[in-house]
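Undergrad: Input run16.pdb, format and content: PDB, C-alpha atoms and all ligand atoms.
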```pdb
MODEL        1
ATOM      1  CA  MET Q  29     -99.793  56.131 133.412  1.00  0.00           C
ATOM      2  CA  ASN Q  30     -97.016  54.021 131.935  1.00  0.00           C
ATOM      3  CA  PRO Q  31     -96.787  53.917 128.108  1.00  0.00           C
ATOM      4  CA  SER Q  32     -97.768  50.263 127.725  1.00  0.00           C
ATOM      5  CA  ARG Q  33    -100.939  50.741 129.729  1.00  0.00           C
ATOM      6  CA  ARG Q  34    -101.764  53.812 127.688  1.00  0.00           C
ATOM      7  CA  THR Q  35    -101.363  51.836 124.418  1.00  0.00           C
ATOM      8  CA  LEU Q  36    -103.707  49.248 125.880  1.00  0.00           C
ATOM      9  CA  LEU Q  37    -106.329  51.835 126.747  1.00  0.00           C
ATOM     10  CA  VAL Q  38    -106.065  54.003 123.626  1.00  0.00           C
ATOM     11  CA  PHE Q  39    -105.645  51.347 120.989  1.00  0.00           C
ATOM     12  CA  PHE Q  40    -106.429  47.768 122.023  1.00  0.00           C
ATOM     13  CA  LEU Q  41    -109.504  48.300 124.138  1.00  0.00           C
ATOM     14  CA  PRO Q  42    -111.398  50.347 121.528  1.00  0.00           C
ATOM     15  CA  ALA Q  43    -110.276  47.865 118.840  1.00  0.00           C
ATOM     16  CA  ILE Q  44    -111.596  44.935 120.859  1.00  0.00           C
ATOM     17  CA  ALA Q  45    -114.806  46.813 121.607  1.00  0.00           C
ATOM     18  CA  LEU Q  46    -115.241  47.539 117.911  1.00  0.00           C
ATOM     19  CA  LEU Q  47    -114.696  43.882 117.027  1.00  0.00           C
ATOM     20  CA  LEU Q  48    -117.276  42.813 119.605  1.00  0.00           C
ATOM     21  CA  ILE Q  49    -119.791  45.321 118.246  1.00  0.00           C
ATOM     22  CA  LEU Q  50    -119.118  44.203 114.670  1.00  0.00           C
ATOM     23  CA  GLU Q  51    -119.415  40.576 115.637  1.00  0.00           C
ATOM     24  CA  SER Q  52    -122.738  41.155 117.335  1.00  0.00           C
ATOM     25  CA  LEU Q  53    -123.992  43.008 114.270  1.00  0.00           C
ATOM     26  CA  LEU Q  54    -122.769  40.471 111.748  1.00  0.00           C
ATOM     27  CA  LEU Q  55    -123.473  37.310 113.691  1.00  0.00           C
ATOM     28  CA  PRO Q  56    -126.666  37.714 115.644  1.00  0.00           C
ATOM     29  CA  ASN Q  57    -126.449  34.019 116.394  1.00  0.00           C
ATOM     30  CA  PRO Q  58    -122.814  32.944 116.641  1.00  0.00           C
ATOM     31  CA  ARG Q  59    -123.840  29.275 116.548  1.00  0.00           C
ATOM     32  CA  GLU Q  60    -125.069  29.693 113.009  1.00  0.00           C
ATOM     33  CA  ARG Q  61    -122.463  29.047 110.329  1.00  0.00           C
ATOM     34  CA  ASN Q  62    -121.963  30.592 106.924  1.00  0.00           C
ATOM     35  CA  PHE Q  63    -123.143  34.095 107.414  1.00  0.00           C
ATOM     36  CA  GLU Q  64    -123.433  35.585 103.938  1.00  0.00           C
ATOM     37  CA  LEU Q  65    -122.814  39.188 103.089  1.00  0.00           C
ATOM     38  CA  LEU Q  66    -124.315  40.813  99.933  1.00  0.00           C
ATOM     39  CA  THR Q  67    -126.387  37.763  99.055  1.00  0.00           C
ATOM     40  CA  GLU Q  68    -127.991  39.437  96.028  1.00  0.00           C
ATOM     41  CA  MET Q  69    -124.782  38.859  94.115  1.00  0.00           C
ATOM     42  CA  VAL Q  70    -124.664  35.186  95.000  1.00  0.00           C
ATOM     43  CA  TYR Q  71    -128.341  34.453  94.509  1.00  0.00           C
ATOM     44  CA  SER Q  72    -129.373  36.827  91.756  1.00  0.00           C
ATOM     45  CA  LYS Q  73    -133.033  36.761  90.859  1.00  0.00           C
ATOM     46  CA  ALA Q  74    -133.173  34.713  87.682  1.00  0.00           C
ATOM     47  CA  ALA Q  75    -135.627  35.904  85.058  1.00  0.00           C
ATOM     48  CA  GLU Q  76    -137.613  33.179  83.332  1.00  0.00           C
ATOM     49  CA  SER Q  77    -137.044  33.409  79.574  1.00  0.00           C
ATOM     50  CA  LEU Q  78    -140.761  33.476  78.777  1.00  0.00           C
ATOM     51  CA  GLY Q  79    -141.788  35.344  81.909  1.00  0.00           C
ATOM     52  CA  ALA Q  80    -142.911  38.890  82.615  1.00  0.00           C
ATOM     53  CA  SER Q  81    -140.318  41.526  83.365  1.00  0.00           C
ATOM     54  CA  ASP Q  82    -140.668  44.932  84.997  1.00  0.00           C
ATOM     55  CA  GLY Q  83    -137.539  46.388  83.465  1.00  0.00           C
ATOM     56  CA  LEU Q  84    -137.600  45.278  79.839  1.00  0.00           C
ATOM     57  CA  PRO Q  85    -139.541  46.672  76.868  1.00  0.00           C
ATOM     58  CA  ALA Q  86    -143.022  45.203  76.318  1.00  0.00           C
ATOM     59  CA  GLY Q  87    -142.864  43.847  79.891  1.00  0.00           C
ATOM     60  CA  MET Q  88    -141.368  40.544  78.764  1.00  0.00           C
ATOM     61  CA  THR Q  89    -137.982  38.938  79.360  1.00  0.00           C
ATOM     62  CA  GLN Q  90    -137.828  37.530  75.860  1.00  0.00           C
ATOM     63  CA  GLN Q  91    -137.269  40.281  73.316  1.00  0.00           C
ATOM     64  CA  ALA Q  92    -138.071  40.070  69.613  1.00  0.00           C
ATOM     65  CA  ILE Q  93    -135.039  39.772  67.328  1.00  0.00           C
ATOM     66  CA  VAL Q  94    -134.086  43.153  65.899  1.00  0.00           C
ATOM     67  CA  GLU Q  95    -134.978  43.363  62.226  1.00  0.00           C
ATOM     68  CA  GLY Q  96    -132.138  42.376  59.926  1.00  0.00           C
ATOM     69  CA  VAL Q  97    -130.279  40.339  62.543  1.00  0.00           C
ATOM     70  CA  VAL Q  98    -128.918  36.997  61.319  1.00  0.00           C
ATOM     71  CA  VAL Q  99    -129.161  34.380  64.050  1.00  0.00           C
ATOM     72  CA  ARG Q 100    -125.737  32.886  64.760  1.00  0.00           C
ATOM     73  CA  GLY Q 101    -125.284  29.547  63.042  1.00  0.00           C
ATOM     74  CA  ARG Q 102    -128.170  30.249  60.658  1.00  0.00           C
ATOM     75  CA  MET Q 103    -127.488  30.946  57.033  1.00  0.00           C
ATOM     76  CA  PRO Q 104    -129.883  33.411  55.406  1.00  0.00           C
ATOM     77  CA  PHE Q 105    -131.827  31.703  52.629  1.00  0.00           C
ATOM     78  CA  HIS Q 106    -133.045  34.101  49.960  1.00  0.00           C
ATOM     79  CA  PHE Q 107    -135.128  31.733  47.874  1.00  0.00           C
ATOM     80  CA  ALA Q 108    -138.863  31.273  47.551  1.00  0.00           C
ATOM     81  CA  ALA Q 109    -140.544  27.919  46.931  1.00  0.00           C
ATOM     82  CA  GLY Q 110    -140.875  26.448  43.431  1.00  0.00           C
ATOM     83  CA  GLN Q 111    -138.791  24.867  40.705  1.00  0.00           C
ATOM     84  CA  GLU Q 112    -137.389  28.065  39.251  1.00  0.00           C
ATOM     85  CA  GLU Q 113    -136.128  29.147  42.620  1.00  0.00           C
ATOM     86  CA  ALA Q 114    -134.707  25.660  43.184  1.00  0.00           C
ATOM     87  CA  ALA Q 115    -132.810  25.928  39.911  1.00  0.00           C
ATOM     88  CA  ARG Q 116    -131.512  29.357  40.908  1.00  0.00           C
ATOM     89  CA  ALA Q 117    -130.344  27.942  44.253  1.00  0.00           C
ATOM     90  CA  GLY Q 118    -128.542  25.238  42.246  1.00  0.00           C
ATOM     91  CA  LYS Q 119    -126.565  27.934  40.439  1.00  0.00           C
ATOM     92  CA  GLU Q 120    -125.927  30.259  43.369  1.00  0.00           C
ATOM     93  CA  LEU Q 121    -125.241  27.956  46.327  1.00  0.00           C
ATOM     94  CA  SER Q 122    -122.486  25.435  46.763  1.00  0.00           C
ATOM     95  CA  ASN Q 123    -121.844  22.808  49.395  1.00  0.00           C
ATOM     96  CA  PRO Q 124    -119.404  24.147  52.008  1.00  0.00           C
ATOM     97  CA  TYR Q 125    -118.479  20.601  53.042  1.00  0.00           C
ATOM     98  CA  ALA Q 126    -115.904  18.350  51.448  1.00  0.00           C
ATOM     99  CA  ASP Q 127    -116.301  14.625  51.053  1.00  0.00           C
ATOM    100  CA  ASP Q 128    -114.779  13.770  54.423  1.00  0.00           C
ATOM    101  CA  GLY Q 129    -115.311  11.018  56.986  1.00  0.00           C
ATOM    102  CA  ASP Q 130    -116.960  13.067  59.764  1.00  0.00           C
ATOM    103  CA  VAL Q 131    -119.237  14.849  57.295  1.00  0.00           C
ATOM    104  CA  LEU Q 132    -120.394  11.569  55.753  1.00  0.00           C
ATOM    105  CA  GLU Q 133    -120.912  10.051  59.177  1.00  0.00           C
ATOM    106  CA  ARG Q 134    -123.122  12.923  60.325  1.00  0.00           C
ATOM    107  CA  GLY Q 135    -124.913  13.102  56.973  1.00  0.00           C
ATOM    108  CA  GLY Q 136    -125.560   9.344  57.023  1.00  0.00           C
ATOM    109  CA  GLU Q 137    -126.886   9.487  60.574  1.00  0.00           C
ATOM    110  CA  LEU Q 138    -129.383  12.207  59.609  1.00  0.00           C
ATOM    111  CA  PHE Q 139    -130.313  10.537  56.326  1.00  0.00           C
ATOM    112  CA  GLY Q 140    -131.136   7.372  58.305  1.00  0.00           C
ATOM    113  CA  ARG Q 141    -133.207   9.379  60.761  1.00  0.00           C
ATOM    114  CA  PHE Q 142    -135.138  11.751  58.458  1.00  0.00           C
ATOM    115  CA  CYS Q 143    -134.988  10.559  54.877  1.00  0.00           C
ATOM    116  CA  ALA Q 144    -134.715   6.769  54.809  1.00  0.00           C
ATOM    117  CA  VAL Q 145    -138.346   6.287  55.937  1.00  0.00           C
ATOM    118  CA  CYS Q 146    -139.383   7.300  52.417  1.00  0.00           C
ATOM    119  CA  HIS Q 147    -136.242   7.162  50.293  1.00  0.00           C
ATOM    120  CA  GLY Q 148    -134.923   3.883  51.752  1.00  0.00           C
ATOM    121  CA  HIS Q 149    -131.471   3.456  53.311  1.00  0.00           C
ATOM    122  CA  ASP Q 150    -129.897   3.072  49.860  1.00  0.00           C
ATOM    123  CA  GLY Q 151    -131.851   6.050  48.446  1.00  0.00           C
ATOM    124  CA  GLY Q 152    -133.596   3.731  45.987  1.00  0.00           C
ATOM    125  CA  GLY Q 153    -137.049   4.985  46.979  1.00  0.00           C
ATOM    126  CA  ARG Q 154    -138.452   1.997  48.823  1.00  0.00           C
ATOM    127  CA  GLY Q 155    -138.485   3.036  52.474  1.00  0.00           C
ATOM    128  CA  PRO Q 156    -140.947   1.553  54.987  1.00  0.00           C
ATOM    129  CA  VAL Q 157    -143.495   4.328  54.347  1.00  0.00           C
ATOM    130  CA  VAL Q 158    -143.545   3.373  50.669  1.00  0.00           C
ATOM    131  CA  GLU Q 159    -143.912  -0.296  51.571  1.00  0.00           C
ATOM    132  CA  ARG Q 160    -147.123   0.743  53.349  1.00  0.00           C
ATOM    133  CA  GLY Q 161    -148.640   2.470  50.367  1.00  0.00           C
ATOM    134  CA  MET Q 162    -147.149   5.932  49.859  1.00  0.00           C
ATOM    135  CA  LEU Q 163    -146.234   6.787  46.276  1.00  0.00           C
ATOM    136  CA  PRO Q 164    -142.514   6.038  45.934  1.00  0.00           C
ATOM    137  CA  PRO Q 165    -140.156   9.003  45.596  1.00  0.00           C
ATOM    138  CA  PRO Q 166    -137.820   8.875  42.609  1.00  0.00           C
ATOM    139  CA  SER Q 167    -134.532   7.082  43.212  1.00  0.00           C
ATOM    140  CA  LEU Q 168    -131.837   9.381  44.535  1.00  0.00           C
ATOM    141  CA  SER Q 169    -129.507   7.623  42.110  1.00  0.00           C
ATOM    142  CA  GLY Q 170    -131.849   8.238  39.166  1.00  0.00           C
ATOM    143  CA  ALA Q 171    -130.893  10.373  36.178  1.00  0.00           C
ATOM    144  CA  ARG Q 172    -132.620  13.476  37.541  1.00  0.00           C
ATOM    145  CA  ALA Q 173    -131.147  13.220  41.057  1.00  0.00           C
ATOM    146  CA  LEU Q 174    -127.674  12.705  39.556  1.00  0.00           C
ATOM    147  CA  ALA Q 175    -128.096  15.912  37.571  1.00  0.00           C
ATOM    148  CA  ILE Q 176    -129.476  18.056  40.435  1.00  0.00           C
ATOM    149  CA  ALA Q 177    -126.844  20.486  41.727  1.00  0.00           C
ATOM    150  CA  ASP Q 178    -126.068  20.524  45.465  1.00  0.00           C
ATOM    151  CA  GLY Q 179    -127.720  23.931  45.848  1.00  0.00           C
ATOM    152  CA  GLU Q 180    -130.910  22.676  44.216  1.00  0.00           C
ATOM    153  CA  MET Q 181    -130.968  19.678  46.531  1.00  0.00           C
ATOM    154  CA  PHE Q 182    -130.498  22.063  49.445  1.00  0.00           C
ATOM    155  CA  HIS Q 183    -133.518  23.978  48.194  1.00  0.00           C
ATOM    156  CA  ILE Q 184    -135.590  20.745  47.946  1.00  0.00           C
ATOM    157  CA  VAL Q 185    -134.691  19.710  51.511  1.00  0.00           C
ATOM    158  CA  THR Q 186    -135.290  23.263  52.803  1.00  0.00           C
ATOM    159  CA  MET Q 187    -138.537  24.094  50.963  1.00  0.00           C
ATOM    160  CA  GLY Q 188    -139.839  20.661  49.978  1.00  0.00           C
ATOM    161  CA  GLN Q 189    -140.836  19.509  46.494  1.00  0.00           C
ATOM    162  CA  GLY Q 190    -144.171  18.032  45.394  1.00  0.00           C
ATOM    163  CA  ASN Q 191    -145.128  15.311  47.866  1.00  0.00           C
ATOM    164  CA  MET Q 192    -142.072  15.850  49.997  1.00  0.00           C
ATOM    165  CA  GLY Q 193    -142.392  18.399  52.774  1.00  0.00           C
ATOM    166  CA  SER Q 194    -139.801  20.894  53.992  1.00  0.00           C
ATOM    167  CA  HIS Q 195    -137.194  19.550  56.402  1.00  0.00           C
ATOM    168  CA  ALA Q 196    -136.018  22.995  57.474  1.00  0.00           C
ATOM    169  CA  ALA Q 197    -137.483  22.605  60.949  1.00  0.00           C
ATOM    170  CA  GLN Q 198    -135.857  19.219  61.559  1.00  0.00           C
ATOM    171  CA  ILE Q 199    -132.360  19.738  60.165  1.00  0.00           C
ATOM    172  CA  VAL Q 200    -130.204  22.865  60.609  1.00  0.00           C
ATOM    173  CA  PRO Q 201    -128.624  24.263  57.399  1.00  0.00           C
ATOM    174  CA  ASP Q 202    -125.120  22.947  58.157  1.00  0.00           C
ATOM    175  CA  ASP Q 203    -126.467  19.445  58.608  1.00  0.00           C
ATOM    176  CA  ARG Q 204    -128.561  19.679  55.431  1.00  0.00           C
ATOM    177  CA  TRP Q 205    -125.361  20.166  53.446  1.00  0.00           C
ATOM    178  CA  LYS Q 206    -123.875  17.106  55.151  1.00  0.00           C
ATOM    179  CA  VAL Q 207    -126.909  15.006  54.215  1.00  0.00           C
ATOM    180  CA  ILE Q 208    -126.417  16.122  50.609  1.00  0.00           C
ATOM    181  CA  ARG Q 209    -122.758  15.043  50.744  1.00  0.00           C
ATOM    182  CA  TYR Q 210    -123.986  11.699  52.013  1.00  0.00           C
ATOM    183  CA  ILE Q 211    -126.492  11.377  49.128  1.00  0.00           C
ATOM    184  CA  ARG Q 212    -123.569  12.001  46.742  1.00  0.00           C
ATOM    185  CA  SER Q 213    -121.775   9.044  48.322  1.00  0.00           C
ATOM    186  CA  LEU Q 214    -124.916   6.899  47.820  1.00  0.00           C
ATOM    187  CA  GLN Q 215    -124.865   7.914  44.157  1.00  0.00           C
ATOM    188  CA  GLU Q 216    -121.277   6.716  43.594  1.00  0.00           C
ATOM    189  CA  PRO Q 217    -122.230   3.291  42.146  1.00  0.00           C
ATOM    190  CA  ALA Q 218    -124.622   4.945  39.652  1.00  0.00           C
ATOM    191  CA  ARG Q 219    -122.062   7.439  38.335  1.00  0.00           C
TER     192      ARG Q 219
HETATM  193  C1  LIG P 301    -142.390  11.670  53.600  1.00  0.00           C
HETATM  194  C2  LIG P 301    -141.487  11.024  52.677  1.00  0.00           C
HETATM  195  C3  LIG P 301    -140.178  11.726  52.393  1.00  0.00           C
HETATM  196  C4  LIG P 301    -139.196  12.089  53.277  1.00  0.00           C
HETATM  197  C5  LIG P 301    -139.203  11.904  54.791  1.00  0.00           C
HETATM  198  C6  LIG P 301    -138.146  12.655  52.493  1.00  0.00           C
HETATM  199  N1  LIG P 301    -138.477  12.688  51.181  1.00  0.00           N
HETATM  200 FE1  LIG P 301    -137.362  13.382  49.658  1.00  0.00          FE
HETATM  201  N2  LIG P 301    -138.847  13.025  48.385  1.00  0.00           N
HETATM  202  C7  LIG P 301    -140.049  12.412  48.688  1.00  0.00           C
HETATM  203  C8  LIG P 301    -140.895  12.415  47.511  1.00  0.00           C
HETATM  204  C9  LIG P 301    -142.290  11.823  47.430  1.00  0.00           C
HETATM  205  C10 LIG P 301    -140.178  13.039  46.498  1.00  0.00           C
HETATM  206  C11 LIG P 301    -140.633  13.355  45.092  1.00  0.00           C
HETATM  207  C12 LIG P 301    -141.281  14.730  45.169  1.00  0.00           C
HETATM  208  C13 LIG P 301    -141.876  15.202  43.858  1.00  0.00           C
HETATM  209  O1  LIG P 301    -141.109  15.640  43.002  1.00  0.00           O
HETATM  210  O2  LIG P 301    -143.082  15.095  43.734  1.00  0.00           O
HETATM  211  C14 LIG P 301    -138.897  13.403  47.081  1.00  0.00           C
HETATM  212  C15 LIG P 301    -137.872  14.050  46.377  1.00  0.00           C
HETATM  213  C16 LIG P 301    -136.623  14.261  46.863  1.00  0.00           C
HETATM  214  C17 LIG P 301    -135.536  14.780  46.083  1.00  0.00           C
HETATM  215  C18 LIG P 301    -135.579  15.137  44.614  1.00  0.00           C
HETATM  216  C19 LIG P 301    -135.390  13.916  43.805  1.00  0.00           C
HETATM  217  C20 LIG P 301    -135.736  14.121  42.353  1.00  0.00           C
HETATM  218  O3  LIG P 301    -135.319  13.278  41.546  1.00  0.00           O
HETATM  219  O4  LIG P 301    -136.438  15.099  42.050  1.00  0.00           O
HETATM  220  C21 LIG P 301    -134.451  14.874  46.926  1.00  0.00           C
HETATM  221  C22 LIG P 301    -133.063  15.365  46.582  1.00  0.00           C
HETATM  222  C23 LIG P 301    -134.899  14.437  48.223  1.00  0.00           C
HETATM  223  N3  LIG P 301    -136.213  14.069  48.151  1.00  0.00           N
HETATM  224  C24 LIG P 301    -134.101  14.394  49.335  1.00  0.00           C
HETATM  225  C25 LIG P 301    -134.575  14.093  50.599  1.00  0.00           C
HETATM  226  C26 LIG P 301    -133.783  14.213  51.788  1.00  0.00           C
HETATM  227  C27 LIG P 301    -132.337  14.623  51.831  1.00  0.00           C
HETATM  228  C28 LIG P 301    -134.599  13.867  52.816  1.00  0.00           C
HETATM  229  C29 LIG P 301    -134.265  13.864  54.283  1.00  0.00           C
HETATM  230  C30 LIG P 301    -133.750  15.071  54.816  1.00  0.00           C
HETATM  231  C31 LIG P 301    -135.899  13.548  52.283  1.00  0.00           C
HETATM  232  N4  LIG P 301    -135.843  13.698  50.922  1.00  0.00           N
HETATM  233  C32 LIG P 301    -136.960  13.140  53.033  1.00  0.00           C
HETATM  234  C33 LIG P 301    -140.412  11.914  49.897  1.00  0.00           C
HETATM  235  C34 LIG P 301    -139.714  12.101  51.075  1.00  0.00           C
ENDMDL
END
```
Please re-express this file's structure in structure tokens.
TA:
Amino acid sequence: MNPSRRTLLVFFLPAIALLLILESLLLPNPRERNFELLTEMVYSKAAESLGASDGLPAGMTQQAIVEGVVVRGRMPFHFAAGQEEAARAGKELSNPYADDGDVLERGGELFGRFCAVCHGHDGGGRGPVVERGMLPPPSLSGARALAIADGEMFHIVTMGQGNMGSHAAQIVPDDRWKVIRYIRSLQEPAR
């Protein structure tokens, strides 16, 4: 047998046969496109966040936060309700935000959304809710509000005070500080 024929028999024919076998295994229907190998990696089974889970503790996807963990973006707040605690917050906390354009813009937006209904857009205490009969809150430019420290105001917004409820669920801590900066800008004319 001449060498080129032998190469054909020993190498190419088995290689072609192997390719044909592979092709028939991989593409049972060669007219179908996009045969996908290892599809579990492409389409992984997504777990629903509130669903049951076989593999996780307590049989749930959602796991309880480990004790002592501080959720990212949340500032721990070690104050109880009440005036004494508010005064303590006034001494121990300070506003991390400076009096800057973006801060005032965000603070003003939130004040308009969450506070102006009662306090009025100018903070004077005559918002639409008051116009309809609710007892007016004190002016945010009044003597007391001018004397309240930022930290105490943060406590009032977080825990509430008297007739005013807590706004902790509506406004994240960072934004609460911005609202307080905005109130300071409303107080300018009264200073
Ligand atoms: C449902 C009406 C209402 C809303 C909404 C409201 N407040 Fe008040 N706020 C009051 C009332 C009423 C008081 C007086 C509470 C008291 O001392 O009895 C008050 C008191 C305050 C005080 C203390 C003023 C002082 O002189 O003691 C601050 C500061 C304050 N609010 C800020 C805010 C901010 C900031 C928001 C928005 C995030 C807000 N409030 C939303 C009704 C409201």
Undergrad: Within 9 Å of ligand LIG 301 (chain P) (counting all atoms listed in the file), which residues show up? I'd like them as a VMD selection string.
TA: chain Q and resid 138 to 147 151 153 155 157 to 158 162 to 176 178 180 to 186 188 to 196 198 to 199 204 207 to 208 210 to 211
Undergrad: Leaving out Q:Met88 and any residue of its chain fewer than 4 positions from it, which residues lie within 9 Å of it when counting all atoms listed in the file, given as a list in words?
TA: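 Once the nearby chain positions are removed, what remains is Ser77, Leu78, Gly79, Ala80, Ser81, Asp82, Gly83 and Leu84 of chain Q.
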Undergrad: Report as a count of residues only the full result of the PyMOL selection byres (((chain Q and resi 209) around 12) and not hetatm) when it is applied to this structure.
TA: 36
Undergrad: Run the PyMOL selection byres (((chain Q and resi 109) around 6) and not hetatm) mentally over the shown coordinates, then write out the matched residues as an MDAnalysis selection string, using the chain letters and numbers from the document.
TA: chainID Q and resid 108 110 187
Undergrad: What does the distance between atom CA of Q:Lys73 and atom CA of Q:Gln90 come to in Å, to one decimal place?
TA: 15.8 Å
Undergrad: Give me, please, the distance in Å between atom CA of Q:Glu68 and atom CA of Q:Ser52, quoted to one decimal.
TA: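 Going from atom CA of Q:Glu68 over to atom CA of Q:Ser52, I get 22.0 Å.
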Undergrad: Which one is closest to Q:Val200: Q:Ile44, Q:Leu54, Q:Met103, Q:Ala114? Count all atoms listed in the file.
TA: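 Selected residue with least distance to Q:Val200: Q:Met103.
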Undergrad: For atom CA of Q:Phe105 and atom CA of Q:Pro201, determine how far apart the two atoms are, in Å to one decimal place.
TA: 9.4 Å
